[in-house]
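Written out below as structure tokens is the structure these notes cover.
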Amino acid sequence: MANVSNYYKTSIENCIAHKECMVIGRKYRFTVLTDRLIRLQYSPSGMFEDRPTSRVIFRNFERPIFTVEESATLIQINTKYFTLNYVKDRSFKGGILTPASTLKVNLKNSDREWYYNHPEARNFGTINYSLDDFNGNLKLDKGLYSTDGFCVIDDSDSLVLNDAFEFVKRDHKEMDLYLFMYRRDFSLCLQDYYMLTGYPSLIPRYALGNWWYKNEKYTNNDIYEVIDNFNKNKIPLKVLVLGDFWHDNLTPYIFDNTVINAGELLNYLNSRNIKLALTINPSLKVDSKSKYYNNFSSLLENNSFVPFSNSSINVYYNMILKPLFDSGISLINIDYNNPKDRLGLWQFNNLHVSMQEQKGIRGLILSRNSKIAQHRYPIVFSGKTRVSWNTLNALPRYNLSASNMGISWVAHAIGGYYKGIEQEELYLRYIELATFSPIFLLASERGKYYKREPWKWNDKVLEITREYMQLRQRLIPYIYNEAYIYHLTGAPLIQAFYYQYPKIYDEPYYKNQYFFGRYMFVAPITKKKNVVMNRVVQRLFVPDGTWFDFKSGLKYPGGKYYMNFYKDNDYPVFCKAGSIIPLAMDTLDIPKTIELIIFPLDNNSYDLYEDDGITNRYTNKEYLITNYEYNYIKDNYTLKISKKEGINLIDKRNYKIRFKNTKNVSNVKALVNGIANPANCYYDNTDLIIELLDIDINATVDINIMGSDIEVSTSRLITNDIKDVIYDLEIETVLKEKIDDILFSDMSIKKKRIAIRKLKKQKLEPRFIKAFLNLLDFMNEEK
């Protein structure tokens, strides 16, 4: 069994760059890969590496346009993006000369210059090894995104792939750098990076559902009880992760049959379409008292897989991984928690993913960040985090920073893994954030007082948790579609606002906002609510264009700042005008019924991608793409549904089409292959619903709705929000009337503040006076 994934199989012959891209000297070699990317090599021996490395799998780029000028001692390379100047055959570190004069690269159309050991102080960072025991001080690794417009990756210490398909250390010492000089064209930088290191994997569909991982010593009956509780409470579940207690104490890689009957458990889970993941720490040794001890010790040095070596690959594969996967295990949680051995972690990550790929299924692991082309090895686990508001506040930034290295699939222990204080408000805000995060992983340490189980909370918390976990299941078509786009183009699922609005990076109120796919953005709530108003006061920055609140449909003109008030069951999620959001109405892998949520004011063409969700047959065009074409004209909306390409994964489908903010419709036409269809039409609050049943997957559906002033005016007004707050406050109704008269009068802010304070004489409590003074500030701030 070779420690090599499909990435290396397909690209080993493509790792040698074209000769015409190379500028070669006695001790140096520069390879211009694109206008923005150059490989910089310095070797005292004059020997240069061309084999694939643990990070780099492709160098056979088409020759970009560049020029070379040289003298006896100097060389200059020019592309559209940069100018490189180098003193021939001198170490990049400088020697007698300073580093800047030995090798320097100027970024054109800027005052920026790179040199070896440049501090890259403007680098915005990317996810670090993990957030284990994070205490509030977030330290990120260096990423690709920088306002300098450049970044370097040092590949000098990577392993290389030899002719025997084994990863080994390099034969000679050399400096091997990849310099990205992209100015503001970060998307092009990512494209270069993916070409160099491999495009992202297409994640299995089931991974986007709800996960359960509590580090308990479960028996079969314990697991059945947990799953039964999910079912009874109507909370969908897709993945079960077993922690440290599924295996024999003496043999930490084999089921403890005195606790768990593996065959019976897997049959039970398969019948409910739930995947099983096992936690493995490959640094654990087989105990000398184990009946398997001689089998392992005779094949392994020091009876351990760590440090990882090519000689241990076959043992680990044949004696551990293969039997587990053959029995029906879906993935492994690799709990090799050693930040000093990230190369070793990468070897484990690569082996596990490779093994799954070679079985014809998509590779998937749960593992901490190895830092080596991590986008190829989903999913990154942020570790055993503390239960705290500090941790919650760090998660959005952590997620959006991942995209700075082209990573999308990050999983957190939702609710926090251990320690801290269990609080219902904190738990709810974790749940809501997880709904609009890459992976939804409910997780905690062992212990009956860690309340990750939704049914352990009160009815209110349970109801809200159910609502959001059901919504997460329904969002899978949208998220999976974005996962396919990510796999195809490299556009990460979560992207930072500061890519388009750099000023947001330093603004504490807005820096956690992120785009969730192409059509949504989220302004996560990571702080406690105002106890008097019983709401979180949330400042928002809405990007350019027109956006709608995903839940209420309220309209927000973009390019503006807002102040909103959120109850426990509300969350700041927005969709842009013209968005088409597909939601699953059942839990089937390929939904039989889909709800389309359509937002007005703009046209859109949306392609919904679907496949079997787990195998690699999609690479042979075994997939289905359905096109939804929405045309918006005032008082005249049309929607066309048609199969675009692919195979028939299902025969028929039901549609529930929700036109947001639409009423007063006088005429609805629904045609299936040109024939009138008896669609069911009705209103749901301010939305028009059209239901179509048993539509042939090959059919063309045309829907037209017309009327007079059919678009419901839903502009968001802060005055309405404040009136809603006043409604809920427990103060005398007569005082509410007086407060309303003051707040919404034409008086100056100063006079309003004085009038509010005078209400103390009418026994308005100081805490309410303070709250209303704050509301005045909010109203004034948003003007």
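In the structure tokens, each chain is lettered A, B, ... as it comes, each chain's residues begin at 1, and ligands are numbered from 1 in order of appearance.
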Practice problem: Write out as JSON, numbers by chain each polymer residue whose atoms come within 10 Å of range 184-196 of chain A, counting only C-alpha atoms; drop sequence neighbours fewer than 5 positions from it. | Solution: {"A": [15, 33, 34, 35, 36, 37, 55, 56, 57, 58, 59, 60, 61, 144, 145, 146, 147, 148, 149, 150, 151, 153, 178, 373, 375, 376, 403, 404, 405, 406, 489, 490, 491, 492, 499, 500]}
Practice problem: For range 577-581 of chain A, list every protein, DNA or RNA residue within 9 Å, evaluated using only C-alpha atoms, and leave out those in the same chain fewer than 4 positions away; present the list as an MDAnalysis selection string. | Solution: chainID A and resid 475 477:478 519:520 545:548 595:606 628 630:632
Quiz item: Tell me, which residues of range 253-368 of chain A carry DSSP helix (DSSP H, G or I), written as a PyMOL selection string?
Solution: chain A and resi 262-271+293-297+301-303+310-327+342-358
Practice problem: Determine the nearest neighbour of Arg368 in chain A from the options A:Tyr316, A:Tyr253, A:Tyr129, A:Tyr468, counting only C-alpha atoms. | Solution: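 The answer is A:Tyr129, which sits nearest to Arg368 in chain A.
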Practice problem: Compare A:Phe180, A:Phe245, A:Tyr417, A:Trp389 by their minimum atom-to-atom distance to Lys529 in chain A, counting only C-alpha atoms, and give me the closest one. | Solution: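 Checking each candidate against Lys529 in chain A, we get A:Trp389 as the closest.
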Practice problem: Compare A:Lys567, A:Asp687, A:Arg716, A:Asp459 by their minimum atom-to-atom distance to Asn530 in chain A, counting only C-alpha atoms, and give me the closest one. | Solution: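 Closest candidate: A:Lys567.
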Exercise. Pick out each residue of range 69-311 of chain A that DSSP on the backbone tags as strand (DSSP E); I need them as a PyMOL selection string.
Key: chain A and resi 69-70+74-78+82-87+103-107+113-115+150-154+160-161+167-168+175-181+210-214+239-242+275-280
Quiz item: Hey, what's within 12 Å of Asn135 in chain A if we count only C-alpha atoms and toss same-chain stuff fewer than 5 positions away? As an NGL selection string, please?
Solution: :A and (384-394 or 419-420)
May I have the selected residues written with all heavy atoms, as a short mmCIF file (atom, residue, chain, number, x, y, z; two decimals), in the first residue's frame?
```cif
data_model
loop_
_atom_site.label_atom_id
_atom_site.label_comp_id
_atom_site.auth_asym_id
_atom_site.auth_seq_id
_atom_site.Cartn_x
_atom_site.Cartn_y
_atom_site.Cartn_z
N LYS A 384 -9.98 20.71 21.01
CA LYS A 384 -10.75 20.62 22.25
C LYS A 384 -10.81 22.00 22.90
O LYS A 384 -9.99 22.37 23.74
CB LYS A 384 -10.13 19.57 23.17
CG LYS A 384 -10.16 18.17 22.53
CD LYS A 384 -9.46 17.12 23.35
CE LYS A 384 -9.54 15.76 22.64
NZ LYS A 384 -8.85 14.69 23.38
N THR A 385 -11.81 22.76 22.49
CA THR A 385 -11.93 24.15 22.89
C THR A 385 -12.67 24.31 24.20
O THR A 385 -13.49 23.47 24.59
CB THR A 385 -12.66 24.95 21.80
OG1 THR A 385 -13.90 24.29 21.51
CG2 THR A 385 -11.84 25.02 20.53
N ARG A 386 -12.41 25.41 24.86
CA ARG A 386 -13.08 25.73 26.12
C ARG A 386 -14.50 26.24 25.86
O ARG A 386 -14.74 26.93 24.86
CB ARG A 386 -12.31 26.79 26.91
CG ARG A 386 -10.95 26.32 27.40
CD ARG A 386 -10.16 27.48 27.97
NE ARG A 386 -8.84 27.05 28.43
CZ ARG A 386 -8.53 26.76 29.68
NH1 ARG A 386 -9.47 26.85 30.63
NH2 ARG A 386 -7.32 26.38 30.01
N VAL A 387 -15.40 25.94 26.76
CA VAL A 387 -16.76 26.48 26.71
C VAL A 387 -16.69 27.93 27.17
O VAL A 387 -16.47 28.20 28.36
CB VAL A 387 -17.72 25.67 27.61
CG1 VAL A 387 -19.11 26.29 27.59
CG2 VAL A 387 -17.75 24.21 27.21
N SER A 388 -16.85 28.87 26.24
CA SER A 388 -16.76 30.28 26.64
C SER A 388 -17.21 31.19 25.51
O SER A 388 -17.20 30.81 24.34
CB SER A 388 -15.31 30.65 27.03
OG SER A 388 -14.50 30.81 25.87
N TRP A 389 -17.59 32.40 25.87
CA TRP A 389 -17.92 33.41 24.88
C TRP A 389 -16.68 33.82 24.10
O TRP A 389 -16.78 34.16 22.91
CB TRP A 389 -18.55 34.63 25.55
CG TRP A 389 -19.97 34.40 26.01
CD1 TRP A 389 -20.38 34.02 27.26
CD2 TRP A 389 -21.15 34.53 25.21
NE1 TRP A 389 -21.74 33.89 27.29
CE2 TRP A 389 -22.26 34.21 26.05
CE3 TRP A 389 -21.40 34.87 23.89
CZ2 TRP A 389 -23.57 34.23 25.59
CZ3 TRP A 389 -22.71 34.90 23.43
CH2 TRP A 389 -23.78 34.58 24.27
N ASN A 390 -15.52 33.81 24.73
CA ASN A 390 -14.26 34.13 24.03
C ASN A 390 -14.04 33.16 22.86
O ASN A 390 -13.65 33.56 21.77
CB ASN A 390 -13.07 34.05 24.98
CG ASN A 390 -12.88 35.33 25.77
OD1 ASN A 390 -13.39 36.38 25.37
ND2 ASN A 390 -12.17 35.25 26.87
N THR A 391 -14.28 31.87 23.13
CA THR A 391 -14.11 30.88 22.07
C THR A 391 -15.10 31.14 20.95
O THR A 391 -14.74 31.16 19.76
CB THR A 391 -14.31 29.46 22.61
OG1 THR A 391 -13.36 29.22 23.66
CG2 THR A 391 -14.09 28.43 21.52
N LEU A 392 -16.38 31.33 21.31
CA LEU A 392 -17.40 31.58 20.29
C LEU A 392 -17.03 32.79 19.44
O LEU A 392 -17.17 32.77 18.21
CB LEU A 392 -18.76 31.80 20.95
CG LEU A 392 -19.91 32.15 20.01
CD1 LEU A 392 -20.20 31.01 19.05
CD2 LEU A 392 -21.16 32.53 20.80
N ASN A 393 -16.55 33.84 20.06
CA ASN A 393 -16.21 35.07 19.34
C ASN A 393 -15.07 34.85 18.35
O ASN A 393 -14.97 35.55 17.34
CB ASN A 393 -15.83 36.17 20.33
CG ASN A 393 -15.60 37.50 19.64
OD1 ASN A 393 -16.44 37.97 18.87
ND2 ASN A 393 -14.46 38.10 19.88
N ALA A 394 -14.21 33.87 18.62
CA ALA A 394 -13.06 33.61 17.73
C ALA A 394 -13.44 32.76 16.52
O ALA A 394 -12.72 32.78 15.51
CB ALA A 394 -11.95 32.92 18.52
N LYS A 419 -14.60 22.23 29.95
CA LYS A 419 -14.41 23.31 30.93
C LYS A 419 -15.49 24.37 30.76
O LYS A 419 -16.50 24.15 30.11
CB LYS A 419 -13.00 23.90 30.82
CG LYS A 419 -11.89 22.88 31.08
CD LYS A 419 -10.51 23.51 30.99
CE LYS A 419 -9.43 22.47 31.26
NZ LYS A 419 -8.07 23.03 31.13
N GLY A 420 -15.32 25.53 31.37
CA GLY A 420 -16.28 26.61 31.23
C GLY A 420 -17.59 26.37 31.95
O GLY A 420 -17.73 25.45 32.77
#
```
Quiz prompt | Residue with smallest distance to Asn162 in chain A - pool A:Arg51, A:Arg518, A:Arg122, A:Lys750, counting only C-alpha atoms | solution = A:Arg51
Practice problem: Please provide as a ChimeraX atom specification all residues within 7 Å of Leu692 in chain A, with the sequence filter that same-chain residues fewer than 4 positions apart are discarded (counting only C-alpha atoms). | Solution: /A:654-656,679-680
Exercise. Would you mind listing what lies within 9 Å of Lys723 in chain A as a list in words, with only C-alpha atoms counted and same-chain residues fewer than 5 positions away left out?
Key: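 The contact residues come out as Ile718, Asp728 and Asp740 of chain A.
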Those selected residues, please, written with all heavy atoms and delivered as a PDB file, in the first residue's frame.
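The result, stored in out09.pdb:
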```
ATOM      1  N   ILE A 718     -35.588  51.205  11.784  1.00  0.00           N
ATOM      2  CA  ILE A 718     -35.147  51.036  13.177  1.00  0.00           C
ATOM      3  C   ILE A 718     -36.271  51.424  14.134  1.00  0.00           C
ATOM      4  O   ILE A 718     -36.364  50.887  15.250  1.00  0.00           O
ATOM      5  CB  ILE A 718     -33.865  51.832  13.459  1.00  0.00           C
ATOM      6  CG1 ILE A 718     -33.296  51.417  14.835  1.00  0.00           C
ATOM      7  CG2 ILE A 718     -34.102  53.321  13.382  1.00  0.00           C
ATOM      8  CD1 ILE A 718     -31.916  51.991  15.128  1.00  0.00           C
ATOM      9  N   ASP A 728     -42.219  44.629  24.521  1.00  0.00           N
ATOM     10  CA  ASP A 728     -41.841  43.488  25.362  1.00  0.00           C
ATOM     11  C   ASP A 728     -41.370  43.881  26.755  1.00  0.00           C
ATOM     12  O   ASP A 728     -41.210  43.008  27.613  1.00  0.00           O
ATOM     13  CB  ASP A 728     -40.745  42.672  24.676  1.00  0.00           C
ATOM     14  CG  ASP A 728     -41.254  41.925  23.454  1.00  0.00           C
ATOM     15  OD1 ASP A 728     -42.483  41.846  23.291  1.00  0.00           O
ATOM     16  OD2 ASP A 728     -40.426  41.420  22.671  1.00  0.00           O
ATOM     17  N   ASP A 740     -42.932  56.444  24.022  1.00  0.00           N
ATOM     18  CA  ASP A 740     -43.124  56.473  22.561  1.00  0.00           C
ATOM     19  C   ASP A 740     -43.204  57.914  22.067  1.00  0.00           C
ATOM     20  O   ASP A 740     -42.588  58.280  21.055  1.00  0.00           O
ATOM     21  CB  ASP A 740     -44.393  55.705  22.202  1.00  0.00           C
ATOM     22  CG  ASP A 740     -44.609  55.596  20.704  1.00  0.00           C
ATOM     23  OD1 ASP A 740     -45.132  56.571  20.119  1.00  0.00           O
ATOM     24  OD2 ASP A 740     -44.246  54.565  20.098  1.00  0.00           O
TER      25      ASP A 740
END
```
Skipping near chain neighbours, those fewer than 2 positions away, what residues fall within 8 Å of Gln41 in chain A using only C-alpha atoms, listed as an mmCIF file with all heavy atoms, in the first residue's frame?
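The resulting file, out_11.cif, is shown below:
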```cif
data_model
loop_
_atom_site.group_PDB
_atom_site.id
_atom_site.type_symbol
_atom_site.label_atom_id
_atom_site.label_comp_id
_atom_site.auth_asym_id
_atom_site.auth_seq_id
_atom_site.Cartn_x
_atom_site.Cartn_y
_atom_site.Cartn_z
ATOM 1 N N TYR A 28 21.547 28.492 -8.912
ATOM 2 C CA TYR A 28 20.174 28.984 -8.793
ATOM 3 C C TYR A 28 19.329 28.492 -9.957
ATOM 4 O O TYR A 28 19.830 28.166 -11.039
ATOM 5 C CB TYR A 28 20.145 30.513 -8.744
ATOM 6 C CG TYR A 28 20.580 31.176 -10.035
ATOM 7 C CD1 TYR A 28 19.679 31.446 -11.050
ATOM 8 C CD2 TYR A 28 21.920 31.509 -10.244
ATOM 9 C CE1 TYR A 28 20.068 32.032 -12.239
ATOM 10 C CE2 TYR A 28 22.333 32.096 -11.423
ATOM 11 C CZ TYR A 28 21.399 32.356 -12.421
ATOM 12 O OH TYR A 28 21.800 32.926 -13.606
ATOM 13 N N ARG A 29 18.041 28.449 -9.707
ATOM 14 C CA ARG A 29 17.083 28.181 -10.770
ATOM 15 C C ARG A 29 15.793 28.910 -10.442
ATOM 16 O O ARG A 29 15.220 28.727 -9.365
ATOM 17 C CB ARG A 29 16.812 26.676 -10.920
ATOM 18 C CG ARG A 29 15.846 26.371 -12.083
ATOM 19 C CD ARG A 29 15.762 24.889 -12.374
ATOM 20 N NE ARG A 29 15.026 24.154 -11.354
ATOM 21 C CZ ARG A 29 14.696 22.859 -11.474
ATOM 22 N NH1 ARG A 29 15.077 22.169 -12.542
ATOM 23 N NH2 ARG A 29 14.023 22.272 -10.511
ATOM 24 N N PHE A 30 15.356 29.741 -11.366
ATOM 25 C CA PHE A 30 14.078 30.433 -11.239
ATOM 26 C C PHE A 30 13.127 29.860 -12.277
ATOM 27 O O PHE A 30 13.482 29.731 -13.454
ATOM 28 C CB PHE A 30 14.242 31.947 -11.466
ATOM 29 C CG PHE A 30 15.185 32.610 -10.504
ATOM 30 C CD1 PHE A 30 16.109 33.553 -10.945
ATOM 31 C CD2 PHE A 30 15.157 32.300 -9.171
ATOM 32 C CE1 PHE A 30 16.980 34.168 -10.062
ATOM 33 C CE2 PHE A 30 16.026 32.907 -8.270
ATOM 34 C CZ PHE A 30 16.940 33.838 -8.721
ATOM 35 N N ARG A 39 8.953 30.204 -8.898
ATOM 36 C CA ARG A 39 9.668 29.301 -8.007
ATOM 37 C C ARG A 39 11.115 29.766 -7.916
ATOM 38 O O ARG A 39 11.779 30.001 -8.947
ATOM 39 C CB ARG A 39 9.613 27.872 -8.532
ATOM 40 C CG ARG A 39 10.209 26.832 -7.582
ATOM 41 C CD ARG A 39 10.247 25.454 -8.213
ATOM 42 N NE ARG A 39 10.613 24.424 -7.244
ATOM 43 C CZ ARG A 39 10.938 23.177 -7.563
ATOM 44 N NH1 ARG A 39 10.939 22.791 -8.850
ATOM 45 N NH2 ARG A 39 11.251 22.311 -6.620
ATOM 46 N N SER A 43 20.748 26.173 -4.634
ATOM 47 C CA SER A 43 21.366 24.927 -4.198
ATOM 48 C C SER A 43 22.891 25.049 -4.284
ATOM 49 O O SER A 43 23.426 25.232 -5.378
ATOM 50 C CB SER A 43 20.883 23.767 -5.072
ATOM 51 O OG SER A 43 21.616 22.591 -4.786
ATOM 52 N N PHE A 48 18.846 20.387 -8.333
ATOM 53 C CA PHE A 48 17.537 20.943 -8.085
ATOM 54 C C PHE A 48 16.469 19.852 -8.138
ATOM 55 O O PHE A 48 16.539 18.953 -8.976
ATOM 56 C CB PHE A 48 17.215 22.035 -9.110
ATOM 57 C CG PHE A 48 18.236 23.144 -9.132
ATOM 58 C CD1 PHE A 48 19.175 23.214 -10.157
ATOM 59 C CD2 PHE A 48 18.278 24.084 -8.123
ATOM 60 C CE1 PHE A 48 20.128 24.212 -10.179
ATOM 61 C CE2 PHE A 48 19.221 25.092 -8.130
ATOM 62 C CZ PHE A 48 20.155 25.165 -9.164
ATOM 63 N N GLU A 174 18.575 22.423 -0.341
ATOM 64 C CA GLU A 174 18.330 23.548 -1.240
ATOM 65 C C GLU A 174 17.256 24.439 -0.653
ATOM 66 O O GLU A 174 16.432 24.000 0.162
ATOM 67 C CB GLU A 174 17.927 23.084 -2.636
ATOM 68 C CG GLU A 174 16.563 22.441 -2.719
ATOM 69 C CD GLU A 174 16.109 22.204 -4.162
ATOM 70 O OE1 GLU A 174 16.179 23.160 -4.965
ATOM 71 O OE2 GLU A 174 15.704 21.078 -4.466
ATOM 72 N N MET A 175 17.276 25.697 -1.065
ATOM 73 C CA MET A 175 16.179 26.598 -0.744
ATOM 74 C C MET A 175 15.174 26.487 -1.875
ATOM 75 O O MET A 175 15.532 26.614 -3.050
ATOM 76 C CB MET A 175 16.688 28.038 -0.614
ATOM 77 C CG MET A 175 17.710 28.211 0.496
ATOM 78 S SD MET A 175 18.385 29.881 0.552
ATOM 79 C CE MET A 175 16.954 30.777 1.091
ATOM 80 N N ASP A 176 13.934 26.235 -1.508
ATOM 81 C CA ASP A 176 12.897 25.982 -2.508
ATOM 82 C C ASP A 176 11.672 26.793 -2.112
ATOM 83 O O ASP A 176 10.900 26.400 -1.231
ATOM 84 C CB ASP A 176 12.589 24.483 -2.558
ATOM 85 C CG ASP A 176 11.708 24.109 -3.740
ATOM 86 O OD1 ASP A 176 11.302 25.015 -4.489
ATOM 87 O OD2 ASP A 176 11.422 22.907 -3.902
ATOM 88 N N LEU A 177 11.509 27.951 -2.756
ATOM 89 C CA LEU A 177 10.465 28.896 -2.388
ATOM 90 C C LEU A 177 9.502 29.115 -3.550
ATOM 91 O O LEU A 177 9.904 29.059 -4.722
ATOM 92 C CB LEU A 177 11.077 30.252 -2.005
ATOM 93 C CG LEU A 177 12.260 30.248 -1.044
ATOM 94 C CD1 LEU A 177 12.807 31.665 -0.883
ATOM 95 C CD2 LEU A 177 11.851 29.682 0.309
#
```
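Distances here use only C-alpha atoms; by that measure, the residue among A:Arg539, A:Lys139, A:Arg767, A:Lys663 closest to Asp684 in chain A is A:Lys663.
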Quiz item: Could you name the residues that touch Leu107 in chain A at 10 Å or less, counting only C-alpha atoms, but leaving out those on the same chain fewer than 5 positions away, as a list in words?
Solution: Arg36, Thr79, Lys80, Tyr81, Phe82, Thr83, Leu84, Arg112, Glu113, Trp114, Asp148, Gly149, Phe150, Met181, Tyr182 and Arg183 of chain A
